[in-house]
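The structure appears right after this line, and notes come after that.
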Amino acid sequence: MKTALITGITGQDGAYLAELLLSKGYHVIGTYRRSSSVNFWRIEELGISNNPNLHLVEYDLTDLGASITLIDRYRPQEVYNLAAQSFVGVSFDQPVTTTQITGIGALHLLEAIRIVDKNIRFYQASTSEMFGLVQTIPQRESTPFYPRSPYGVAKLYAHWMTINYRESYGIFGCSGILFNHESPLRGKEFVTRKISDGVAQIALGKSSHLELGNLDSKRDWGYAKEYVDGMWRMMQAEEPDTFVLATNRTESVRDFVSMAFKAAGIKVDFRGSEENEVGIDEASGNVVVRINPKYYRPAEVDLLIGDFRRAQDILGWSPSTSLEELCQMMVEADIRRNKRGFSF
Ligand code: NDP
Ligand code: GDR
């Protein structure tokens with residue numbers, strides 16, 4: 001039985017990856033942070049929280065000693081580093097914390113592997129945010145980086161450290177440059193889930209409207225459950241490498257809003273521009289979307305679209321859920337949760 005260690009099991013990807021690895025017969029060590037109220041809602045929703053092969057351990061990525069102890073104690077064959085301060089918006093307000101967790105945190109695990117056992121395989125959760133101010137379209141493994149947030153800069157540091165430990169010490173360190181991936185388990189601070197939950201509340205008469213920031217930014221959104229399979233494939237490859245996972249389709253935030261309202265049977269018409277733009281429910285004439293500049297970022301990533309051909313050729317990975325299907329799935333899940341009066 002293989003043992004895998006997942007940092008950040010309380011997050012979206014950690015929960016889906018744990019589900020996948022358990023289904024493949026792994027013993028999974030999942031780390032969570034000490035806090036006043038630890039939240040296991042995602043692994044509970046997936047029905048894996050009581051799986052006898054899942055072992056939950058308290059751990060903070062910012063502690064080097066704890067990282068060495070963790071790796072030494074469990075001696076996993078595979079380490080998936082998914083833990084991060086992952087919200088781009090917050091990284092502008094907390095750049096130092098973000099760097100310590102998202103950047104240096106990855107180095108702590110690489111150091112632990114170097115010290116304890118160099119045969120342990122390491123996956124680093126890299127991101128399309130490293131492309132930032134995009135230099136070419138679509139973005140692939142060879143596209144130059146130009147991060148636009150403290151989060152993107154911290155992730156770029158961790159990405160290069162992973163490559164450096166691969167080249168310096170022969171550690172199997174792979175880096176997945178994943179474009180945005182969403183699901184009903186996405187945190188509500190991220191725009192797609194904020195929209196699906198907001199639309200559900202409006203459709204059920206629990207809320208009048210949704211407040212958003214920049215509707216013009218364009219993202220390549222895929223389904224998280226498919227992306228964690230790509231992470232696992234990278235770790236089974238012959239050689240450690242860097243791979244882009246994406247859908248090669250880009251849509252604006254505004255398009256996603258329309259799609260989500262459509263999934264709830266509401267047709268929305270956008271009028272006005274910039275801060276005065278509003279989304280109007282065509283049937284009732286009610287304003288259901290407003291702009292609130294507090295959601296604007298000091299520097300924005302305007303457009304992302306990824307080329308996943310390398311992952312397809314070498315790993316046999318490709319996405320299969322369309323954005324319409326994903327959006328429908330998220331809106332339906334949030335309508336169900338809001339009807340139960342209970343939505344994380
Ligand atoms: P989430 O924000 O949902 O999860 C992040 C996880 O990291 C949570 O479990 C969180 O714990 C944990 N964490 C945060 N700080 C620490 C710390 N100091 N020590 C230990 N654990 C910590 O992210 P996702 O699941 O969406 O993403 C997984 C990874 O992939 C992240 O690294 C993210 O940056 C990266 N990524 C995500 C993409 C996406 O579109 N989802 C795209 C590309 C990369 P807690 O619950 O206590 O907060
Ligand atoms: P992103 O995701 O920054 O791409 O990072 P997010 O969903 O936060 O933003 C996407 C785009 O939507 C615009 N936007 C808003 N965003 C939020 N959160 N809230 C709003 O109200 C809002 N209105 C408009 C943003 O400005 C942005 O352009 C995600 C995270 O999961 C990262 O960890 C990951 O690395 C990248 O995806 C790939």
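Order determines the names: the first chain of the structure tokens is A, the second B, and so forth; residues in each chain are numbered 1 upward, and ligands are numbered 1 upward as they are shown.
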Determine, counting only C-alpha atoms, which protein, DNA and RNA residues have an atom within 12 Å of an atom of region 82-84 of chain A; residues of the same chain fewer than 2 positions away are not included. Present the result as a PyMOL selection string.
chain A and resi 5-18+30-33+59-62+79-80+86-88+90-91+97-106+109+122-127+151-152+154-155+158+175-176+178+228+231
Return as JSON, numbers by chain the full set of residues in region 98-238 of chain A whose backbone-based DSSP assignment is alpha helix (DSSP H).
{"A": [98, 105, 106, 107, 108, 109, 110, 111, 112, 113, 114, 115, 116, 150, 151, 152, 153, 154, 155, 156, 157, 158, 159, 160, 161, 162, 163, 164, 165, 166, 167, 168, 169, 191, 192, 193, 194, 195, 196, 197, 198, 199, 200, 201, 202, 203, 224, 225, 226, 227, 228, 229, 230, 231, 232, 233, 234, 235, 236]}
Could I get the residues of chain A with an atom no further than 6 Å from an atom of ligand 2, each paired with its nearest atom pair and that distance in Å to one decimal, using only C-alpha atoms and all ligand atoms, sorted by chain and residue number, as a tab-separated table?
```
residue	atom	partner	partner_atom_place_in_ligand_line	distance
A:Ser86	CA	ligand 2	33 (O)	3.9
A:Phe87	CA	ligand 2	33 (O)	5.3
A:Val88	CA	ligand 2	3 (O)	4.9
A:Thr127	CA	ligand 2	35 (O)	4.5
A:Ser128	CA	ligand 2	38 (C)	5.1
A:Glu129	CA	ligand 2	38 (C)	5.4
A:Phe179	CA	ligand 2	38 (C)	4.7
A:Asn180	CA	ligand 2	38 (C)	4.0
A:Glu189	CA	ligand 2	18 (N)	5.3
A:Phe190	CA	ligand 2	7 (O)	3.7
A:Val191	CA	ligand 2	7 (O)	3.7
A:Thr192	CA	ligand 2	7 (O)	5.9
A:Leu212	CA	ligand 2	21 (O)	3.7
A:Gly213	CA	ligand 2	23 (N)	3.4
A:Asn214	CA	ligand 2	24 (C)	4.1
A:Leu215	CA	ligand 2	24 (C)	5.3
A:Ser217	CA	ligand 2	28 (O)	4.7
A:Val253	CA	ligand 2	12 (O)	5.9
A:Tyr295	CA	ligand 2	21 (O)	5.2
A:Tyr296	CA	ligand 2	26 (O)	5.8
A:Val301	CA	ligand 2	28 (O)	5.9
```
Of the residues A:Val331, A:Glu238, A:Thr247, A:Ser273, which is the one nearest to Ile314 (chain A), using only C-alpha atoms?
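Checking each candidate against Ile314 (chain A), we get A:Glu238 as the closest.
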Non-local contacts of Thr162 (chain A) (7 Å; only C-alpha atoms; under 4 positions in same chain excluded) as an NGL selection string = :A and (158 or 166 or 173-174)
I'd like a table as a tab-separated table: residues in region 159-250 of chain A with an atom no more than 10 Å from region 134-148 of chain A, each row giving the shortest atom pair and its distance in Å to one decimal, only C-alpha atoms counted, sorted by chain and rising residue number.
```
residue	atom	partner	partner_atom	distance
A:Gly176	CA	A:Glu141	CA	9.6
A:Ile177	CA	A:Glu141	CA	7.9
A:Phe179	CA	A:Gln139	CA	9.9
A:Asp241	CA	A:Glu141	CA	10.0
A:Thr242	CA	A:Glu141	CA	6.9
A:Phe243	CA	A:Glu141	CA	6.3
A:Val244	CA	A:Glu141	CA	6.1
A:Leu245	CA	A:Arg140	CA	9.2
A:Ala246	CA	A:Arg140	CA	9.5
A:Asn248	CA	A:Pro138	CA	7.5
A:Arg249	CA	A:Pro138	CA	9.4
A:Thr250	CA	A:Pro138	CA	9.8
```
Which polymer residues have any atom within 9 Å of an atom of Ile71 (chain A), counting only C-alpha atoms, with same-chain residues fewer than 2 positions away left out, as a list in words? Leu5, Ala66, Ser67, Ile68, Thr69, Arg73, Tyr74, Arg75, Pro76, Val79, Leu109, Ala112, Ile113, Val116 and Asp117 of chain A
Mind pulling up the distance from CA of Arg290 (chain A) to atom 4 (O, counted along the ligand's line) of ligand 1?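 These atoms are spaced 27.9 Å apart.
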